[in-house]
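Asker: My questions all concern the structure below.
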Amino acid sequence: MSGSVRDAQYRALAEFRYRILRFLRSRDAAARAAGLEPQQYQRLLVTRGLPPGQGATIRTLVQWPLLQQHSAVELIDRLETHGYAAHSRSPVDRCSVLVSLLPRGERALEQVPQQRLEELRMTGSALVGAFGALLEGGQRGQRAQKRAWCSTAGKKRRLRSS
């Protein structure tokens with residue numbers, strides 16, 4: 001393959017970016033419907049979704065969603081103010097601050113994933129198809145679009161290439 005980008009690759013990249021942004025925007029709407037700001041939801045999700053034995057430190061919460069340290073601290077403070085999370089010094093390393101979910105945070109967090117998982121079931125093949133087309137250099141972009149499923153007003157329909 002030459003160093004130049006083919007039209008099919010641009011189409012595949014545009015489709016993939018569209019699918020990701022669409023998913024992220026609907027995530028933001030789902031978080032707001034649960035009474036959370038999108039960044040608050042992301043922090044609660046990371047805190048809850050860490051592997052067993054890995055403490056939710058400020059450093060971890062900064063690394064996962066790629067925030068600046070001061071932004072993460074401010075966000076944790078807001079979560080604590082609203083009763084979603086609490087922070088405390090680590091008993092092992094007194095320099096580390098651990099973040100834990102409070103019952104209100106657990107309840108708010110539980111409202112969002114079910115909707116997100118359902119959306120992935122309905123639109124996931126379109127995202128996978130766009131990703132596959134991108135990895136294959138855009139060669140199967142048209143085929144992936146024809147096979148992809150999307151959701152329109154709660155109904156599944158085949159995408160048509162135009």
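Just so we're on the same page: first chain in the structure tokens is A, next is B, and so on; residues restart at 1 for each chain, and ligands are numbered from 1 in the order they show up.
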Quick one: residues within 12 Å of A:Glu118, only C-alpha atoms counted, chain neighbours fewer than 4 positions away excluded, as a list of chain:residue names?

Answerer: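 Result of the neighbour search: A:Phe23, A:Ser26, A:Arg27, A:Ala30, A:Val112, A:Pro113, A:Gln114, A:Met122, A:Thr123, A:Gly124, A:Ser151, A:Gly154.
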
Asker: Excluding same-chain residues fewer than 6 positions from stretch 31-40 of chain A, what lies within 7 Å of it counting only C-alpha atoms, as a list of chain:residue names?

Answerer: A:Leu75, A:Leu79, A:Ala108, A:Gln111, A:Val112

Asker: Report as a list in words all protein, DNA and RNA residues lying within 12 Å of A:Val73, evaluated on only C-alpha atoms, omitting residues in the same chain fewer than 5 positions from it.

Answerer: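 The residues satisfying every condition are Gln40, Arg43, Thr57, Ile58, Arg59, Thr60, Leu61, Val62, Leu67, Gln68, Arg78, Leu79, Glu80, Ala86, His87, Val97, Leu98 and Val99 of chain A.
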
Asker: Could you please take those selected residues and save N, CA and C atoms as a PDB file, in the first residue's frame?

Answerer:
ATOM      1  N   GLN A  40     -19.118  13.262  35.294  1.00  0.00           N
ATOM      2  CA  GLN A  40     -19.409  12.606  36.571  1.00  0.00           C
ATOM      3  C   GLN A  40     -19.707  11.129  36.333  1.00  0.00           C
ATOM      4  N   ARG A  43     -16.489   9.195  35.669  1.00  0.00           N
ATOM      5  CA  ARG A  43     -15.704   8.912  36.873  1.00  0.00           C
ATOM      6  C   ARG A  43     -16.354   7.813  37.706  1.00  0.00           C
ATOM      7  N   THR A  57      -7.817   5.377  42.862  1.00  0.00           N
ATOM      8  CA  THR A  57      -7.078   6.541  43.337  1.00  0.00           C
ATOM      9  C   THR A  57      -7.298   7.698  42.372  1.00  0.00           C
ATOM     10  N   ILE A  58      -6.947   8.881  42.824  1.00  0.00           N
ATOM     11  CA  ILE A  58      -7.032  10.048  41.946  1.00  0.00           C
ATOM     12  C   ILE A  58      -6.171   9.807  40.714  1.00  0.00           C
ATOM     13  N   ARG A  59      -5.009   9.238  40.892  1.00  0.00           N
ATOM     14  CA  ARG A  59      -4.112   8.955  39.757  1.00  0.00           C
ATOM     15  C   ARG A  59      -4.792   8.038  38.741  1.00  0.00           C
ATOM     16  N   THR A  60      -5.459   7.000  39.214  1.00  0.00           N
ATOM     17  CA  THR A  60      -6.163   6.085  38.312  1.00  0.00           C
ATOM     18  C   THR A  60      -7.286   6.812  37.578  1.00  0.00           C
ATOM     19  N   LEU A  61      -8.044   7.614  38.299  1.00  0.00           N
ATOM     20  CA  LEU A  61      -9.155   8.332  37.690  1.00  0.00           C
ATOM     21  C   LEU A  61      -8.680   9.369  36.676  1.00  0.00           C
ATOM     22  N   VAL A  62      -7.459   9.844  36.832  1.00  0.00           N
ATOM     23  CA  VAL A  62      -6.869  10.768  35.860  1.00  0.00           C
ATOM     24  C   VAL A  62      -6.423   9.998  34.620  1.00  0.00           C
ATOM     25  N   LEU A  67      -7.664  12.931  32.079  1.00  0.00           N
ATOM     26  CA  LEU A  67      -7.937  14.267  32.626  1.00  0.00           C
ATOM     27  C   LEU A  67      -6.668  14.830  33.244  1.00  0.00           C
ATOM     28  N   GLN A  68      -6.659  16.120  33.440  1.00  0.00           N
ATOM     29  CA  GLN A  68      -5.607  16.753  34.215  1.00  0.00           C
ATOM     30  C   GLN A  68      -5.884  16.484  35.698  1.00  0.00           C
ATOM     31  N   ARG A  78     -16.909  17.607  43.456  1.00  0.00           N
ATOM     32  CA  ARG A  78     -18.321  17.812  43.103  1.00  0.00           C
ATOM     33  C   ARG A  78     -19.136  16.540  43.337  1.00  0.00           C
ATOM     34  N   LEU A  79     -18.553  15.381  42.997  1.00  0.00           N
ATOM     35  CA  LEU A  79     -19.249  14.114  43.254  1.00  0.00           C
ATOM     36  C   LEU A  79     -19.492  13.933  44.745  1.00  0.00           C
ATOM     37  N   GLU A  80     -18.511  14.315  45.533  1.00  0.00           N
ATOM     38  CA  GLU A  80     -18.653  14.193  46.984  1.00  0.00           C
ATOM     39  C   GLU A  80     -19.709  15.181  47.500  1.00  0.00           C
ATOM     40  N   ALA A  86     -17.089   9.415  47.850  1.00  0.00           N
ATOM     41  CA  ALA A  86     -16.321   9.917  48.986  1.00  0.00           C
ATOM     42  C   ALA A  86     -14.853   9.626  48.723  1.00  0.00           C
ATOM     43  N   HIS A  87     -13.997  10.409  49.329  1.00  0.00           N
ATOM     44  CA  HIS A  87     -12.571  10.116  49.197  1.00  0.00           C
ATOM     45  C   HIS A  87     -11.934  10.041  50.581  1.00  0.00           C
ATOM     46  N   VAL A  97      -4.951   9.024  47.483  1.00  0.00           N
ATOM     47  CA  VAL A  97      -6.331   9.289  47.872  1.00  0.00           C
ATOM     48  C   VAL A  97      -7.207   8.275  47.144  1.00  0.00           C
ATOM     49  N   LEU A  98      -8.019   7.542  47.922  1.00  0.00           N
ATOM     50  CA  LEU A  98      -8.934   6.562  47.353  1.00  0.00           C
ATOM     51  C   LEU A  98     -10.326   7.164  47.211  1.00  0.00           C
ATOM     52  N   VAL A  99     -10.983   6.843  46.104  1.00  0.00           N
ATOM     53  CA  VAL A  99     -12.343   7.302  45.859  1.00  0.00           C
ATOM     54  C   VAL A  99     -13.255   6.092  45.915  1.00  0.00           C
TER      55      VAL A  99
END

Asker: Quick one: pick out all alpha helix (DSSP H) residues within stretch 49-145 of chain A from a backbone DSSP run and write them as JSON, numbers by chain.

Answerer: {"A": [49, 58, 59, 60, 61, 62, 63, 69, 70, 71, 72, 73, 74, 75, 76, 77, 78, 79, 80, 81, 103, 104, 105, 106, 107, 108, 109, 110, 111, 112, 113, 114, 115, 116, 117, 118, 119, 120, 121, 122, 123, 124, 125, 126, 127, 128, 129, 130, 131, 132, 133, 134, 135, 141, 142, 143, 144, 145]}

Asker: Using only C-alpha atoms, which of A:Val46, A:Ile76, A:Leu21, A:Ala14 sits nearest A:Ser88?

Answerer: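 Selected residue with least distance to A:Ser88: A:Ile76.
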
Asker: Calculated over only C-alpha atoms, which of the candidates A:Leu50, A:Ala8, A:Leu120, A:Leu102 has the smallest distance to A:Leu134?

Answerer: A:Ala8

Asker: Could you check how far atom CA of A:Glu110 sits from atom CA of A:Tyr84, in Å to one decimal?

Answerer: 12.2 Å

Asker: Quick one: of A:Ala130, A:Gly55, A:Arg104, A:Leu135, who's nearest to A:Pro91, counting only C-alpha atoms?

Answerer: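 Using only C-alpha atoms, A:Pro91 sits closest to A:Gly55.
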
Asker: With distances taken over only C-alpha atoms, which of A:Arg48, A:Ala56, A:Gln9, A:Glu106 is nearest to A:Ser90?

Answerer: A:Ala56

Asker: Could you please determine the separation between atom CA of A:Arg6 and atom CA of A:Gly137 in Å, to one decimal place?

Answerer: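 Here the two named atoms are 8.1 Å from each other.
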